[in-house]
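*Asks:* Coordinates in upload-v8.pdb, PDB, C-alpha atoms and all ligand atoms, are listed below.
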```
ATOM      1  CA  MET A   1    -115.869  57.746 -78.345  1.00  0.00           C
ATOM      2  CA  THR A   2    -114.315  54.654 -76.870  1.00  0.00           C
ATOM      3  CA  GLN A   3    -114.067  54.374 -73.122  1.00  0.00           C
ATOM      4  CA  VAL A   4    -110.720  54.688 -71.389  1.00  0.00           C
ATOM      5  CA  PRO A   5    -109.595  51.281 -70.059  1.00  0.00           C
ATOM      6  CA  SER A   6    -109.471  51.026 -66.288  1.00  0.00           C
ATOM      7  CA  VAL A   7    -107.279  48.851 -64.103  1.00  0.00           C
ATOM      8  CA  LEU A   8    -107.200  48.338 -60.338  1.00  0.00           C
ATOM      9  CA  PHE A   9    -104.283  46.582 -58.640  1.00  0.00           C
ATOM     10  CA  VAL A  10    -105.017  44.838 -55.359  1.00  0.00           C
ATOM     11  CA  CYS A  11    -102.676  43.467 -52.697  1.00  0.00           C
ATOM     12  CA  LEU A  12    -103.150  42.973 -48.965  1.00  0.00           C
ATOM     13  CA  GLY A  13    -102.161  46.279 -47.395  1.00  0.00           C
ATOM     14  CA  ASN A  14    -101.992  48.674 -50.394  1.00  0.00           C
ATOM     15  CA  ILE A  15     -98.721  50.031 -49.050  1.00  0.00           C
ATOM     16  CA  CYS A  16     -96.028  47.797 -50.604  1.00  0.00           C
ATOM     17  CA  ARG A  17     -96.840  45.942 -53.822  1.00  0.00           C
ATOM     18  CA  SER A  18     -99.963  47.437 -55.395  1.00  0.00           C
ATOM     19  CA  PRO A  19     -98.688  51.044 -55.147  1.00  0.00           C
ATOM     20  CA  LEU A  20     -95.617  49.932 -57.115  1.00  0.00           C
ATOM     21  CA  ALA A  21     -97.854  48.200 -59.665  1.00  0.00           C
ATOM     22  CA  GLU A  22     -99.927  51.385 -59.957  1.00  0.00           C
ATOM     23  CA  ALA A  23     -96.774  53.471 -60.413  1.00  0.00           C
ATOM     24  CA  ALA A  24     -95.368  51.067 -62.998  1.00  0.00           C
ATOM     25  CA  LEU A  25     -98.541  51.107 -65.093  1.00  0.00           C
ATOM     26  CA  ARG A  26     -98.876  54.893 -64.898  1.00  0.00           C
ATOM     27  CA  HIS A  27     -95.243  55.187 -65.992  1.00  0.00           C
ATOM     28  CA  GLU A  28     -95.421  52.643 -68.828  1.00  0.00           C
ATOM     29  CA  ALA A  29     -98.763  53.964 -70.099  1.00  0.00           C
ATOM     30  CA  ALA A  30     -97.467  57.539 -70.137  1.00  0.00           C
ATOM     31  CA  ALA A  31     -94.342  56.416 -72.007  1.00  0.00           C
ATOM     32  CA  ALA A  32     -96.558  54.697 -74.581  1.00  0.00           C
ATOM     33  CA  GLY A  33     -98.984  57.637 -74.834  1.00  0.00           C
ATOM     34  CA  LEU A  34    -101.801  55.380 -73.662  1.00  0.00           C
ATOM     35  CA  ASP A  35    -104.750  56.789 -71.737  1.00  0.00           C
ATOM     36  CA  VAL A  36    -105.702  54.460 -68.900  1.00  0.00           C
ATOM     37  CA  LEU A  37    -107.423  54.888 -65.540  1.00  0.00           C
ATOM     38  CA  VAL A  38    -105.243  53.325 -62.837  1.00  0.00           C
ATOM     39  CA  ASP A  39    -105.689  52.835 -59.114  1.00  0.00           C
ATOM     40  CA  SER A  40    -104.708  50.429 -56.357  1.00  0.00           C
ATOM     41  CA  ALA A  41    -106.325  49.124 -53.184  1.00  0.00           C
ATOM     42  CA  GLY A  42    -105.863  46.538 -50.459  1.00  0.00           C
ATOM     43  CA  THR A  43    -108.066  43.683 -49.310  1.00  0.00           C
ATOM     44  CA  GLY A  44    -107.195  44.639 -45.709  1.00  0.00           C
ATOM     45  CA  SER A  45    -108.015  47.834 -43.858  1.00  0.00           C
ATOM     46  CA  TRP A  46    -105.026  48.169 -41.482  1.00  0.00           C
ATOM     47  CA  HIS A  47    -103.236  50.866 -43.472  1.00  0.00           C
ATOM     48  CA  VAL A  48    -106.156  52.860 -44.886  1.00  0.00           C
ATOM     49  CA  GLY A  49    -105.198  56.520 -45.319  1.00  0.00           C
ATOM     50  CA  LYS A  50    -101.463  55.888 -44.971  1.00  0.00           C
ATOM     51  CA  GLY A  51     -98.831  56.547 -47.583  1.00  0.00           C
ATOM     52  CA  PRO A  52     -96.842  53.736 -49.177  1.00  0.00           C
ATOM     53  CA  ASP A  53     -94.180  51.920 -47.175  1.00  0.00           C
ATOM     54  CA  PRO A  54     -90.948  53.974 -47.222  1.00  0.00           C
ATOM     55  CA  ARG A  55     -89.204  51.040 -48.907  1.00  0.00           C
ATOM     56  CA  SER A  56     -91.716  51.155 -51.782  1.00  0.00           C
ATOM     57  CA  CYS A  57     -91.217  54.923 -52.010  1.00  0.00           C
ATOM     58  CA  ALA A  58     -87.453  54.381 -52.157  1.00  0.00           C
ATOM     59  CA  GLU A  59     -87.759  51.727 -54.861  1.00  0.00           C
ATOM     60  CA  ALA A  60     -90.046  53.952 -56.955  1.00  0.00           C
ATOM     61  CA  ALA A  61     -87.667  56.890 -56.449  1.00  0.00           C
ATOM     62  CA  ARG A  62     -84.800  54.741 -57.797  1.00  0.00           C
ATOM     63  CA  HIS A  63     -86.798  54.673 -61.045  1.00  0.00           C
ATOM     64  CA  GLY A  64     -87.537  58.381 -60.976  1.00  0.00           C
ATOM     65  CA  ILE A  65     -91.119  58.031 -59.741  1.00  0.00           C
ATOM     66  CA  ASP A  66     -92.556  59.784 -56.683  1.00  0.00           C
ATOM     67  CA  ILE A  67     -95.356  57.781 -55.047  1.00  0.00           C
ATOM     68  CA  ARG A  68     -95.340  59.564 -51.680  1.00  0.00           C
ATOM     69  CA  SER A  69     -98.739  61.152 -52.336  1.00  0.00           C
ATOM     70  CA  TYR A  70    -100.490  57.792 -52.810  1.00  0.00           C
ATOM     71  CA  ARG A  71    -102.869  56.835 -49.999  1.00  0.00           C
ATOM     72  CA  ALA A  72    -103.944  53.332 -49.052  1.00  0.00           C
ATOM     73  CA  ARG A  73    -107.578  52.386 -49.339  1.00  0.00           C
ATOM     74  CA  GLN A  74    -109.565  49.199 -49.033  1.00  0.00           C
ATOM     75  CA  VAL A  75    -111.195  47.604 -52.057  1.00  0.00           C
ATOM     76  CA  GLU A  76    -114.963  48.248 -52.117  1.00  0.00           C
ATOM     77  CA  ALA A  77    -117.995  46.860 -53.921  1.00  0.00           C
ATOM     78  CA  ALA A  78    -118.132  49.761 -56.394  1.00  0.00           C
ATOM     79  CA  ASP A  79    -114.636  48.845 -57.610  1.00  0.00           C
ATOM     80  CA  PHE A  80    -116.044  45.685 -59.173  1.00  0.00           C
ATOM     81  CA  ARG A  81    -118.289  47.826 -61.380  1.00  0.00           C
ATOM     82  CA  ARG A  82    -115.992  50.802 -61.906  1.00  0.00           C
ATOM     83  CA  PHE A  83    -112.933  48.965 -63.232  1.00  0.00           C
ATOM     84  CA  ASP A  84    -112.628  46.779 -66.330  1.00  0.00           C
ATOM     85  CA  ARG A  85    -109.892  44.716 -64.785  1.00  0.00           C
ATOM     86  CA  ILE A  86    -108.874  43.987 -61.230  1.00  0.00           C
ATOM     87  CA  LEU A  87    -105.433  42.422 -60.998  1.00  0.00           C
ATOM     88  CA  ALA A  88    -104.456  40.644 -57.795  1.00  0.00           C
ATOM     89  CA  LEU A  89    -100.835  40.654 -56.719  1.00  0.00           C
ATOM     90  CA  ASP A  90    -101.053  37.153 -55.221  1.00  0.00           C
ATOM     91  CA  ALA A  91    -103.334  34.128 -55.113  1.00  0.00           C
ATOM     92  CA  ALA A  92    -104.642  34.920 -51.620  1.00  0.00           C
ATOM     93  CA  ASN A  93    -105.654  38.409 -52.763  1.00  0.00           C
ATOM     94  CA  LEU A  94    -107.370  36.868 -55.806  1.00  0.00           C
ATOM     95  CA  ALA A  95    -109.279  34.397 -53.619  1.00  0.00           C
ATOM     96  CA  ASP A  96    -110.382  37.245 -51.331  1.00  0.00           C
ATOM     97  CA  LEU A  97    -111.522  39.306 -54.322  1.00  0.00           C
ATOM     98  CA  LYS A  98    -113.590  36.415 -55.645  1.00  0.00           C
ATOM     99  CA  ARG A  99    -115.136  35.952 -52.207  1.00  0.00           C
ATOM    100  CA  ILE A 100    -116.185  39.607 -51.816  1.00  0.00           C
ATOM    101  CA  ALA A 101    -117.136  40.342 -55.461  1.00  0.00           C
ATOM    102  CA  PRO A 102    -120.748  41.596 -55.626  1.00  0.00           C
ATOM    103  CA  ALA A 103    -123.194  39.711 -57.836  1.00  0.00           C
ATOM    104  CA  ASP A 104    -123.445  42.670 -60.218  1.00  0.00           C
ATOM    105  CA  GLY A 105    -119.686  43.104 -60.513  1.00  0.00           C
ATOM    106  CA  THR A 106    -118.453  43.403 -64.091  1.00  0.00           C
ATOM    107  CA  ALA A 107    -114.677  43.624 -63.636  1.00  0.00           C
ATOM    108  CA  SER A 108    -112.541  40.707 -64.734  1.00  0.00           C
ATOM    109  CA  LEU A 109    -110.491  39.290 -61.863  1.00  0.00           C
ATOM    110  CA  SER A 110    -107.098  37.754 -62.493  1.00  0.00           C
ATOM    111  CA  LEU A 111    -103.601  37.265 -61.186  1.00  0.00           C
ATOM    112  CA  LEU A 112    -101.149  39.982 -62.200  1.00  0.00           C
ATOM    113  CA  LEU A 113     -98.303  37.668 -63.155  1.00  0.00           C
ATOM    114  CA  ASP A 114    -100.574  35.719 -65.507  1.00  0.00           C
ATOM    115  CA  LEU A 115     -99.673  38.615 -67.826  1.00  0.00           C
ATOM    116  CA  VAL A 116     -96.018  37.599 -67.873  1.00  0.00           C
ATOM    117  CA  PRO A 117     -95.041  34.575 -69.984  1.00  0.00           C
ATOM    118  CA  GLY A 118     -93.222  32.060 -67.784  1.00  0.00           C
ATOM    119  CA  LEU A 119     -94.623  33.505 -64.549  1.00  0.00           C
ATOM    120  CA  GLU A 120     -98.262  32.482 -64.993  1.00  0.00           C
ATOM    121  CA  GLY A 121     -99.787  31.404 -61.695  1.00  0.00           C
ATOM    122  CA  SER A 122     -97.014  33.048 -59.649  1.00  0.00           C
ATOM    123  CA  ASP A 123     -97.444  35.446 -56.772  1.00  0.00           C
ATOM    124  CA  VAL A 124     -95.697  38.780 -56.430  1.00  0.00           C
ATOM    125  CA  ALA A 125     -94.227  37.820 -53.063  1.00  0.00           C
ATOM    126  CA  ASP A 126     -95.076  40.055 -50.137  1.00  0.00           C
ATOM    127  CA  PRO A 127     -91.885  42.034 -49.386  1.00  0.00           C
ATOM    128  CA  TYR A 128     -93.252  43.572 -46.163  1.00  0.00           C
ATOM    129  CA  TYR A 129     -91.255  41.448 -43.718  1.00  0.00           C
ATOM    130  CA  GLY A 130     -88.049  41.284 -45.765  1.00  0.00           C
ATOM    131  CA  GLY A 131     -85.281  43.604 -46.898  1.00  0.00           C
ATOM    132  CA  PRO A 132     -84.984  46.076 -49.779  1.00  0.00           C
ATOM    133  CA  GLU A 133     -84.135  43.318 -52.269  1.00  0.00           C
ATOM    134  CA  GLY A 134     -87.739  42.132 -52.004  1.00  0.00           C
ATOM    135  CA  PHE A 135     -88.937  45.542 -53.114  1.00  0.00           C
ATOM    136  CA  ALA A 136     -86.535  45.499 -56.056  1.00  0.00           C
ATOM    137  CA  LEU A 137     -87.928  42.120 -57.132  1.00  0.00           C
ATOM    138  CA  THR A 138     -91.468  43.438 -56.724  1.00  0.00           C
ATOM    139  CA  TRP A 139     -90.597  46.357 -58.990  1.00  0.00           C
ATOM    140  CA  THR A 140     -89.058  44.109 -61.654  1.00  0.00           C
ATOM    141  CA  GLN A 141     -92.158  41.913 -61.687  1.00  0.00           C
ATOM    142  CA  VAL A 142     -94.795  44.646 -61.634  1.00  0.00           C
ATOM    143  CA  ARG A 143     -92.976  46.658 -64.307  1.00  0.00           C
ATOM    144  CA  GLU A 144     -92.819  43.640 -66.602  1.00  0.00           C
ATOM    145  CA  ALA A 145     -96.524  42.985 -66.041  1.00  0.00           C
ATOM    146  CA  ALA A 146     -97.269  46.669 -66.690  1.00  0.00           C
ATOM    147  CA  ARG A 147     -95.355  46.545 -69.972  1.00  0.00           C
ATOM    148  CA  ARG A 148     -97.332  43.483 -71.078  1.00  0.00           C
ATOM    149  CA  LEU A 149    -100.573  45.133 -70.069  1.00  0.00           C
ATOM    150  CA  VAL A 150     -99.784  48.317 -71.982  1.00  0.00           C
ATOM    151  CA  ALA A 151     -98.986  46.229 -75.055  1.00  0.00           C
ATOM    152  CA  GLN A 152    -102.329  44.407 -74.695  1.00  0.00           C
ATOM    153  CA  LEU A 153    -104.296  47.613 -74.159  1.00  0.00           C
ATOM    154  CA  ALA A 154    -102.556  49.395 -77.023  1.00  0.00           C
ATOM    155  CA  ASP A 155    -103.523  46.457 -79.256  1.00  0.00           C
ATOM    156  CA  GLY A 156    -107.139  47.152 -78.394  1.00  0.00           C
TER     157      GLY A 156
HETATM  158  P1  LIG T   1     -98.731  44.795 -49.356  1.00  0.00           P
HETATM  159  O1  LIG T   1     -97.789  44.423 -48.109  1.00  0.00           O
HETATM  160  O2  LIG T   1     -99.898  43.843 -49.307  1.00  0.00           O
HETATM  161  O3  LIG T   1     -97.859  44.548 -50.521  1.00  0.00           O
HETATM  162  O4  LIG T   1     -99.134  46.235 -49.161  1.00  0.00           O
HETATM  163  C1  LIG T   1     -98.252  44.307 -46.799  1.00  0.00           C
HETATM  164  C2  LIG T   1     -98.357  45.426 -46.022  1.00  0.00           C
HETATM  165  C3  LIG T   1     -98.760  45.309 -44.718  1.00  0.00           C
HETATM  166  C4  LIG T   1     -99.095  44.084 -44.193  1.00  0.00           C
HETATM  167  C5  LIG T   1     -98.994  42.959 -44.988  1.00  0.00           C
HETATM  168  C6  LIG T   1     -98.583  43.079 -46.288  1.00  0.00           C
HETATM  169  N1  LIG T   1     -99.484  43.963 -42.846  1.00  0.00           N
HETATM  170  O5  LIG T   1     -99.682  42.833 -42.402  1.00  0.00           O
HETATM  171  O6  LIG T   1     -99.644  44.969 -42.175  1.00  0.00           O
END
```
Please lay out the structure from this file as C-alpha cells.
*Replies:*
Amino acid sequence: MTQVPSVLFVCLGNICRSPLAEAALRHEAAAAGLDVLVDSAGTGSWHVGKGPDPRSCAEAARHGIDIRSYRARQVEAADFRRFDRILALDAANLADLKRIAPADGTASLSLLLDLVPGLEGSDVADPYYGGPEGFALTWTQVREAARRLVAQLADG
C-alpha cells in the first residue's frame, strides 16, 4: 500500500494565509478524489489556539468553505518528520523553517508559489494589515498553487 502524501503549509501567524492554503488544498484534493494529509501551522506563537482571522473565514465562505473550526498552532520539530512537504507562504517563513529544521528532518522545504509558473520566488503577501482585497488575492494564489500541487500529486 502506498503512503498518503502529506503537506503542511506554514505562514507567520497561522490565522490568515496558511489556513486558506489548507482549505484550498483540501477542497481541490477532494474535487480530484485525491487522498492527502493536509495541515497548516505558523512560525510564530502569538495566535496559538485561535481560529482563523474573520477575514480569512469570510474569504473561504465566499468559496463555500467553512474554516471556522481550524485552530492555529506553531510548527514543531515533529512536523519535519511527519510531513513529506512543508510549503512556506513567504521567503521569511521559508528562512525560519530552514533555521529551525531538526537534523533528522525528512520533509522537503520550499516556497508555495514556486508551484505556480510565472510566480516562482514570489511571496504570498501578508494580508493581515490590509483590507479584504488582500485576502481575495491570497485565495487566488493559494488556490492556484493547490491546483498545481494536486496535479503533481495525482501524477505520482
Ligand atoms: P498570517 O498573517 O501569517 O498569514 O497568519 C499574520 C497574522 C498575524 C500576524 C502577522 C501575520 N501578527 O503579527 O500577529
*Asks:* Give me, as a PyMOL selection string, all polymer residues having an atom no more than 9 Å from Ser45 in chain A, counting all atoms listed in the file and skipping those fewer than 4 positions away in the same chain.
*Replies:* chain A and resi 12-14+72-75
*Asks:* Using all atoms listed in the file, which residues have at least one atom no more than 7 Å from ligand LIG 1 (chain T)? Output them as a list in words.
*Replies:*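 The residues near ligand LIG 1 (chain T) are Cys11, Leu12, Gly13, Asn14, Ile15, Cys16, Arg17, Ser18, Gly42, Trp46, Asp126, Pro127 and Tyr128 of chain A.
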*Asks:* Measure the distance from CA of Val124 in chain A to CA of Gln3 in chain A in Å and round it to one decimal.
*Replies:*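 It comes out at 29.3 Å.
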*Asks:* Using the chain letters and residue numbers of this document, give as JSON, numbers by chain the residues selected by the PyMOL selection byres (((chain A and resi 9) around 12) and not hetatm).
*Replies:* {"A": [6, 7, 8, 10, 11, 12, 13, 14, 15, 16, 17, 18, 19, 20, 21, 22, 23, 24, 25, 26, 37, 38, 39, 40, 41, 42, 43, 72, 73, 74, 75, 79, 80, 83, 84, 85, 86, 87, 88, 89, 90, 93, 94, 97, 107, 108, 109, 110, 111, 112, 113, 124, 142, 145, 146]}
*Asks:* Neighbourhood query: residues within 9 Å of (-83.6, 47.5, -51.9), file coordinates, counting only C-alpha atoms; return as a list of chain:residue names.
*Replies:* A:Arg55, A:Ser56, A:Ala58, A:Glu59, A:Gly131, A:Pro132, A:Glu133, A:Gly134, A:Phe135, A:Ala136, A:Leu137
*Asks:* Measure the distance from CA of Asp53 in chain A to CA of Gly130 in chain A in Å and round it to one decimal.
*Replies:*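 According to the coordinates, CA of Asp53 in chain A and CA of Gly130 in chain A are separated by 12.4 Å.
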*Asks:* Taking the file above as input, evaluate the PyMOL selection byres (((chain A and resi 150) around 9) and not hetatm) and report the hits as a list in words.
*Replies:*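 Checked against the file, the PyMOL selection byres (((chain A and resi 150) around 9) and not hetatm) matches Leu25, Glu28, Ala29, Ala32, Leu34, Ala145, Ala146, Arg147, Arg148, Leu149, Ala151, Gln152, Leu153, Ala154 and Asp155 of chain A.
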*Asks:* Using Å and a single decimal, report how far CA of Ala77 in chain A sits from CA of Ile100 in chain A.
*Replies:*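 Value for the CA of Ile100 in chain A-CA of Ala77 in chain A distance: 7.8 Å.
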*Asks:* Pick from A:Arg99, A:Lys50, A:His27, A:Arg82: nearest to His63 in chain A, with only C-alpha atoms counted?
*Replies:*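 Ranked by minimum distance to His63 in chain A, first place goes to A:His27.
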*Asks:* Name the residues within 8 Å of (-98.6, 58.3, -47.3), counting all atoms listed in the file in the file's coordinates, and put them as a list in words.
*Replies:* Gly49, Lys50, Gly51, Pro52, Asp53, Arg68, Ser69, Tyr70, Arg71 and Ala72 of chain A
*Asks:* Residues as selected, C-alpha atoms, written as a short mmCIF file (atom, residue, chain, number, x, y, z; two decimals), in the frame of the given file, can you do that?
*Replies:*
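Result file selection-v1.cif:
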```
data_model
loop_
_atom_site.label_atom_id
_atom_site.label_comp_id
_atom_site.auth_asym_id
_atom_site.auth_seq_id
_atom_site.Cartn_x
_atom_site.Cartn_y
_atom_site.Cartn_z
CA GLY A 49 -105.20 56.52 -45.32
CA LYS A 50 -101.46 55.89 -44.97
CA GLY A 51 -98.83 56.55 -47.58
CA PRO A 52 -96.84 53.74 -49.18
CA ASP A 53 -94.18 51.92 -47.18
CA ARG A 68 -95.34 59.56 -51.68
CA SER A 69 -98.74 61.15 -52.34
CA TYR A 70 -100.49 57.79 -52.81
CA ARG A 71 -102.87 56.84 -50.00
CA ALA A 72 -103.94 53.33 -49.05
#
```
*Asks:* For Asp35 in chain A, which of A:Gly156, A:Asp96, A:Asp123, A:Ala61 is the closest residue, counting all atoms listed in the file?
*Replies:* A:Gly156
